[in-house]
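Here's the structure we're looking at; comments come further down.
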Amino acid sequence: TKGFSMDLSSHGLERPIGYYNAAVQELIVIDDLLSAMVGIEGRYISIRRVRGKEDHISFQVDASMDLAIQELAKRMFPLCESYLLIDQFVESRSQFKNGLVNHAFAAALKALLVDYQAMVAQLEHQFRLGRLSIQGLWFYCQPMMGSMQALSIVIQKASANNFTGSSVLNLLQSQAKAMAGDNAVRSLLEKMTQCASNAYLSILERWVYEGVIDDPYGEFFIAENKSLQKESLTQDYDAKYWRQRYSLKEGIPSFLANIAGTILTTGKYLNVMRECGHNVQVPASENYKLTIFGSNHHYLECIKAAYDFASGELLNLIKEKYDLMGKLRSIKHYLLLDQGDFLVHFMDIARDELTKKFDEISVEKLQSLLDLALRTTAAAVDPCHEDLTCCVERSSLLKRLSTLKDLEVRTVSDGNALAEPLNITGLETFSLSYKVEWPLSIVISRKALAKYQLIFRFLFRCKHVDRQLCGAWQVHQGVRALNMRGTAISRSSLICRSMLKFINSLLHYLTFEVLEPNWHVMHNRLQTAKSIDEVIQYHDLFLDKCLRECLLLLPELLKKVERLQSLCLQYAAATQWLISSSISIPKLEEHSKSSRPSRMLTMTTENASVTDSILKFEREFNAELQSLGPILSNSSQAEPYLTHLAQWILGDGHDQ
Amino acid sequence: KEENEVSEEVLVRDVLYVCQGIDGQYVKFDENVDGYVLSDSIKVPRGTRVMVRKLCELGWLFRKVKGYISESMDRFPAEDVGTVGQAFCAALQDELSDYYKLLAVLEAQAMNPIPLVSKSTSSSNYLSLRRLSVWFAEPTVKMRLMAVLVDKCRVLRGGAMAGAIHLHAQHGDPLVHEFMRSLLQHVCSPLFEMVRSWVLEGELEDIFAEFFVVGQPVKAESLWREGYRLHAGMLPSFISQPLAQRILRTGKSINFLRVCCDDRGWADTATEAAAAAGTTTRRGSLGYGETDALETLVVEAAKRIDKHLLDVIYTRYKFKEHCLAIKRYLLLGQGDFVQYLMDIVGQELSEPANTISSFQLAGLLESAIRSSNAQYDDPDILDRLRVKMLPHGTGDRGWDVFSLEYDARVPLDTVFTESVMARYLRIFNFLWKLRRVEHALIGAWKTMKPNCITSHSFTKLQDAVKLQLLSTLRQCQVLWNQMNHFVTNLQYYIMFEVLEVSWSNFSNEMEVAKDLDDLLAAHDKYLHSIVEKSLLGERSQSLYKSLFVLFDLILHFRSHADRLCEGIYELQARTRASSLSSQDKTKSRRHTRDNPSEPGSWFSDGRKALEQRAGEFLQNMGRELEEISKEYTVLLEGFLSQLPVQQHVDLKFLFFRLDFTEFYSRFRPGT
């Protein structure tokens, strides 16, 4: 475009207008005004611009003009100024870099300006016919006056802040609302809004119907973060893929502000399906086109429909084709020991490996043993059993729990509580893991799996203790025939019973009181879930609830339980020695067929140390168990589920 | 009025001329300012002058566009403007003819005189400068766009030009959008035509190198890999990269079918695909803006053609059977055949490499095939199996240069290229060596086994010698057992954990492969996994080397074991002979007392000497075995210590297998 020069000198020859009489002056001024209305200087009307401030324009008339005419002419100047400003705006905003919304807005303005120019041409015609007086000109311009004024205010704001995209739309809408009193202006601004938003809505359409961001100038309010890969879901504990791959940016158009979240998720769902190689096509209908025309909020319904479609389709895909429930059930089999027969077998064959220190354990060996265990038990019929892997962590359960900050583990008061026991074995650190593929990793993310693993490790530990105690119990059964009434052995048998009761109660609580009902609740909820986000939410809720009710978020309690467990283990380990040292003598004597009194004598003397240690175990165990009582009852104020546990473990309270 | 004052009417006419690129009476093109100007000598009001200048912008733009069109038209036959460039010119020309129509109308209106203020009306159809500016509003926008495009596309051709124009179509103004759309429809039609004929007929109709697929003449075997490629510069931005890949592959598949597979069935398939996509195979059924339609067509065509191609490769060229044959013969999957071959070529291969005739080996191969289950195989497959002698250096034995070869003919040589076959060859050599070592160990066992039994018969030997004999034999047995354990486990690992697992993965992937590229990738993955897991990869080079040293040591052991056994046999034979002869002697002594002492003394002397010699021999052998055993332990430990640090998890698994009882790790210090 060519700017127009400001050289006032070249036509200095002209006579000042005051030279003519008033009638001629009026004709000349009308001609000049007609030029000025399309932004061109006339003979006696000049444009003055302040250098550096492009939007500051003023018109001036020759001072020698008849004063009345001068005043009449000056009334027209705001219109001329508005025209110039708008024209300038249109020229600059039509450039490519300014974005689709600006283009569309400029195009709408341009159409208005052409109308305006046509009006000027009509006025010229009237003028040439000699029918136009300056008063008439003023009258004819009235309808344009207000709208041009309003538009010039809008564009001044827009260009001052260099608005693009949604901010232009917001500005237009807010202006339309602000000028609601003036009906003509408001409808004009609404029309402008509509024109400008068409470009924006076409971007929105592609996102909502196809999941594509087709946004060459960065105007859309959804940003894609390409650096977040979907693979991170299966690797990172803190994977942000699902939450942050697509995110809302600044500058949501106000008419979409309420529904922006829905729009985001709609496209996100469509994208997930695209990533799965699943071709999706939103069913086209006649109401397909998004418009914001009128007040019936047609676009809201369109977006809602698209959202319903996308979420339904995705949910269907994940549930049916990728068999989410099957996977969850399979994870439950293995990680929550729902179908734990393989575990017994595994514990049998992997016992030697597991009792090593964690850095000496060969994971490959464990893996092959696990495979062996899986293939020889009921797990073999599960098609998913190949996905199960095992891993050995580097820290104990308590320590691991304290490193997971987001689990809201209640902080432990004493500092050295987190000191790692030096000789933790594979039994403490062993854990199963599960291969989850995209797109199921959306639901079963690394984080969810980590929670499953925590529960598994706790259960695994309990199972181990249980097995050891059972072994001890068997040893006791072996000597039952000897009828040791009143000896250390019967005492020992008693304590073995109470330990077994403790660990069985704990296991019963964990599995039947916590895991099963919660899983059932989750399962029912998942059946009725409407969208994948709901599924994720229910699943996470389930895991968190299980973690909490499995005492894993109560380190104080957990430590007590650990202490009790280790007591049980110590006892189980000592049983063999206890029994054999108290039995060996009678056995020997049986062989030697010696007389009764001497036998009684040896037994009492040899049994002194045995009885001592048994009594010591009993004392410690009972003390720990007793101290568990107050903690449970204190905590059960806040956590009502603990009363169940207390009831199971402590019984009715009077048999202790 | 003064002389140099002109009426508006004249100016309007001048402007109309200028807008067609013709200098008017007063408004002329000025080279200095690069624009049309009203000469200064004319006296007109300032406003009018400005108005004229603004209106003349259109003329300036027109001049530019027109200049480009005529320039390219002139260039056209001689230089390569390209079909897209021609289409662009034609589209611009179309727009210009609309513009001429408008000018003609305006011209007619300009004939009517402009009414002056004073006079009364004559006609309302007249043209003033202000009216002209209203008329020119829309053409100016279009002309500006065209000028911008002309500027941007002056140096571009083909797909790049279409892409550049497409970039300018991303405009929010509905008018501009519509205009660009119709323009692009013209511009892209040659391009889309190329895509269509490429996808449905496999023809590259691209005289001016404008298409984004480039072909180059290559041999049939590398047609698939190197014959065609994407030209990124010519890829218009409205065709996405994956779509372009798919387009490339579809046409390539057709060409592959035509050239390599000698197949005619693809034409029907293409027609079917076009019908399914809702278009026909005729020309000009696609256009810009119908990227969805294009995608549908390409997807349909790709799906069908790829399926057809795979069908041809699977059924007519028996790809699976050949893969299996390669696995059975080159990867030693056919056990009886390998065993027999090993048995009969062993003798031949011990000779120096330069004395071996490959004809004889071919004969041996033939007899190995005839006498094993391989004889029931497809003759076509057996026909492709050859003996290959590697280039040999001095001192190489036949073992070093012998290998088998499989002749993959067109079109399968697309998969089994020379480099692929070279990798197969490497794997074969490794497996062959492993098999040879195993064979050698079994041979050693065969010679050792009778000794264990007969060693009890050495009752008459001196205790010291007997003890030595037993201990040496035991040493030999223990060492053999160690080696056998190692070799057997390694072989188990290679044959089952590596080959079979990789093969089963490969078969699964073969089932789900959708196109030849998938198939190639699956095959590459198969081969790669074998190479990686069987220690042939880059990262396990040192491991591979130490393994070969171990193999050599085992072969060395075999010769020692053989010597030991031979020695024992000899000793046994001698002792038996001596005891027999001594019995004979006593008998004879009993019967004939004529020459009593002489033979007896010889025999007793001989017996002593024999025992002494046997003692020395056994001592030597024992020492050597001791050395071998030591060296073996060191080497094996070196090998085992390298295993756990390997990155591949299967190699760790191998370690776990070799050391299942933790025998080795118990002796390893520090861990």
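Each chain in the structure tokens gets a letter, A, B and so on, in the order shown; residues start at 1 in every chain, and ligands are counted from 1 in the order they appear.
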Inset, instruction - Fewer than 4 positions away in the same chain doesn't count, so skip those; otherwise give me all residues within 7 Å of stretch 506-511 of chain A, counting only C-alpha atoms, as number ranges by chain. - result: A: 462, 502, 515-516, 550, 645, 649
Print the selection's residues with N, CA, C and O atoms to a file, as a tab-separated table (two decimals), in the first residue's frame.
chain	number	residue	atom	x	y	z
A	462	CYS	N	3.24	-60.95	54.71
A	462	CYS	CA	2.33	-61.65	55.61
A	462	CYS	C	2.27	-63.12	55.27
A	462	CYS	O	2.31	-63.99	56.15
A	502	PHE	N	-2.85	-64.31	65.05
A	502	PHE	CA	-2.59	-62.91	64.69
A	502	PHE	C	-2.41	-62.76	63.18
A	502	PHE	O	-3.07	-61.95	62.54
A	515	LEU	N	-9.53	-55.71	50.51
A	515	LEU	CA	-9.35	-55.79	49.06
A	515	LEU	C	-10.63	-56.21	48.35
A	515	LEU	O	-11.07	-55.53	47.41
A	516	GLU	N	-11.23	-57.29	48.80
A	516	GLU	CA	-12.37	-57.80	48.06
A	516	GLU	C	-13.53	-56.81	47.96
A	516	GLU	O	-13.99	-56.52	46.88
A	550	CYS	N	-5.10	-50.82	54.11
A	550	CYS	CA	-4.09	-51.84	54.36
A	550	CYS	C	-3.00	-51.31	55.28
A	550	CYS	O	-1.91	-51.87	55.31
A	645	LEU	N	-10.23	-54.32	62.20
A	645	LEU	CA	-8.93	-54.97	62.40
A	645	LEU	C	-8.73	-55.26	63.88
A	645	LEU	O	-8.30	-56.35	64.26
A	649	ILE	N	-7.92	-58.83	65.45
A	649	ILE	CA	-6.62	-59.16	66.03
A	649	ILE	C	-6.70	-59.32	67.53
A	649	ILE	O	-6.16	-60.26	68.12
Legend entry - Who sits within 8 Å of A:Leu315, only C-alpha atoms, same chain under 5 positions skipped, as a PyMOL selection string: chain A and resi 530-532
Legend entry - strand (DSSP E) positions in stretch 20-146 of chain B, given as a ChimeraX atom specification: /B:27-30,35-38
Inset, instruction - List every residue of stretch 167-403 of chain B that DSSP, applied to the backbone of this structure, places in helix (DSSP H, G or I), and write the result as a ChimeraX atom specification. - result: /B:167-168,174-201,220-227,232-234,241-259,266-276,291-316,319-330,335-349,353-355,358-370,373-376,379-384,398-401
Inset, instruction - Just need the residues of chain A within 8 Å of chain B, counting only C-alpha atoms, so spit them out as JSON, numbers by chain. - result: {"A": [1, 2, 4, 11, 32, 35, 40, 41, 42, 43, 96, 99, 100, 101, 102, 103, 104, 105, 106, 107, 114, 117, 118, 120, 121, 127, 128, 129, 130, 199, 216, 362, 364, 365]}
Skip B:Thr417 itself and residues of its chain fewer than 3 positions away, then list as a JSON list (two decimals) with N, CA, C and O atoms, in the first residue's frame all residues within 9 Å of it, counting only C-alpha atoms.
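The resulting file, around26.json, is shown below:
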[["chain", "number", "residue", "atom", "x", "y", "z"],
["B", 221, "GLU", "N", 16.71, -56.46, -7.75],
["B", 221, "GLU", "CA", 16.76, -56.90, -6.36],
["B", 221, "GLU", "C", 16.73, -55.73, -5.38],
["B", 221, "GLU", "O", 16.29, -55.88, -4.24],
["B", 222, "SER", "N", 17.20, -54.56, -5.82],
["B", 222, "SER", "CA", 17.16, -53.43, -4.89],
["B", 222, "SER", "C", 16.07, -52.44, -5.25],
["B", 222, "SER", "O", 16.06, -51.32, -4.77],
["B", 408, "ALA", "N", 18.57, -67.14, -2.94],
["B", 408, "ALA", "CA", 17.24, -66.53, -2.98],
["B", 408, "ALA", "C", 17.11, -65.78, -4.30],
["B", 408, "ALA", "O", 17.87, -64.86, -4.56],
["B", 412, "LEU", "N", 12.57, -62.72, -4.06],
["B", 412, "LEU", "CA", 12.86, -62.86, -2.64],
["B", 412, "LEU", "C", 14.19, -62.23, -2.26],
["B", 412, "LEU", "O", 14.46, -61.97, -1.10],
["B", 413, "ASP", "N", 15.02, -61.96, -3.26],
["B", 413, "ASP", "CA", 16.29, -61.33, -2.92],
["B", 413, "ASP", "C", 16.09, -59.90, -2.42],
["B", 413, "ASP", "O", 17.04, -59.27, -1.96],
["B", 414, "THR", "N", 14.86, -59.40, -2.54],
["B", 414, "THR", "CA", 14.58, -58.11, -1.90],
["B", 414, "THR", "C", 14.69, -58.24, -0.39],
["B", 414, "THR", "O", 15.15, -57.35, 0.29],
["B", 420, "VAL", "N", 22.08, -59.23, 4.01],
["B", 420, "VAL", "CA", 21.33, -60.14, 4.88],
["B", 420, "VAL", "C", 21.93, -61.53, 4.82],
["B", 420, "VAL", "O", 22.13, -62.19, 5.85],
["B", 421, "MET", "N", 22.26, -61.97, 3.60],
["B", 421, "MET", "CA", 22.83, -63.31, 3.48],
["B", 421, "MET", "C", 24.19, -63.37, 4.17],
["B", 421, "MET", "O", 24.56, -64.41, 4.73],
["B", 422, "ALA", "N", 24.91, -62.25, 4.12],
["B", 422, "ALA", "CA", 26.20, -62.23, 4.81],
["B", 422, "ALA", "C", 26.01, -62.42, 6.30],
["B", 422, "ALA", "O", 26.78, -63.12, 6.97]]
Inset, instruction - Find the distance between atom CA of B:Gly395 and atom CA of B:Tyr544 and write it in Å to one decimal. - result: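 The value is 22.0 Å.
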Inset, instruction - Would you kindly return, as an MDAnalysis selection string, each protein, DNA or RNA residue with an atom no farther than 12 Å from any atom of B:Trp198, considering only C-alpha atoms and excluding same-chain residues fewer than 4 positions away? - result: chainID B and resid 191:194 202:206 211:215 228 244 246:255 270 281 283 297:298 301:302
Inset, instruction - May I have the residues within 10 Å of A:Arg548 as a ChimeraX atom specification, using only C-alpha atoms and disregarding those fewer than 2 positions away in the same chain? - result: /A:407-409,514,542-546,550-554,639,641
Inset, instruction - Skip A:Leu449 itself and residues of its chain fewer than 3 positions away, then list as a ChimeraX atom specification all residues within 9 Å of it, counting only C-alpha atoms. - result: /A:237,433-434,444-446,452-454
Legend entry - Pick from B:Trp224, B:Val81, B:Gly233, B:Gly24 nearest to B:Leu520, counting only C-alpha atoms: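 Among the listed residues, B:Trp224 lies closest to B:Leu520.
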Legend entry - All residues 12 Å or closer to A:Gln235, only C-alpha atoms, same chain fewer than 3 positions away omitted, as a list in words: Gln229, Lys230, Glu231, Ser232, Asp238, Ala239, Lys240, Tyr241, Ser433, Tyr434, Lys435, Val436, Glu437, Trp438, Ser441, Ile442, Ile444, Ser445, Arg446, Lys447, Ala448, Leu449 and Ala450 of chain A
Legend entry - Nearest candidate to A:Tyr538 (options A:Ser609, A:Lys97, A:Phe456, A:Val443; using only C-alpha atoms): A:Val443
Legend entry - Gap from atom CA of A:Ala373 to atom CA of A:Val344 - Å, one decimal: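 Interatomic distance here is 8.6 Å.
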Legend entry - Given only C-alpha atoms as the counted atoms, nearest of A:Met65, A:Ala529, A:Leu79, A:Leu204 to A:Cys302: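 Nearest to A:Cys302: A:Leu204.
With only C-alpha atoms as the atoms that count, the minimum distance from A:Thr262 to the choices A:Ala223, A:Val168, A:Val381, A:Ile303 is reached by A:Ile303.
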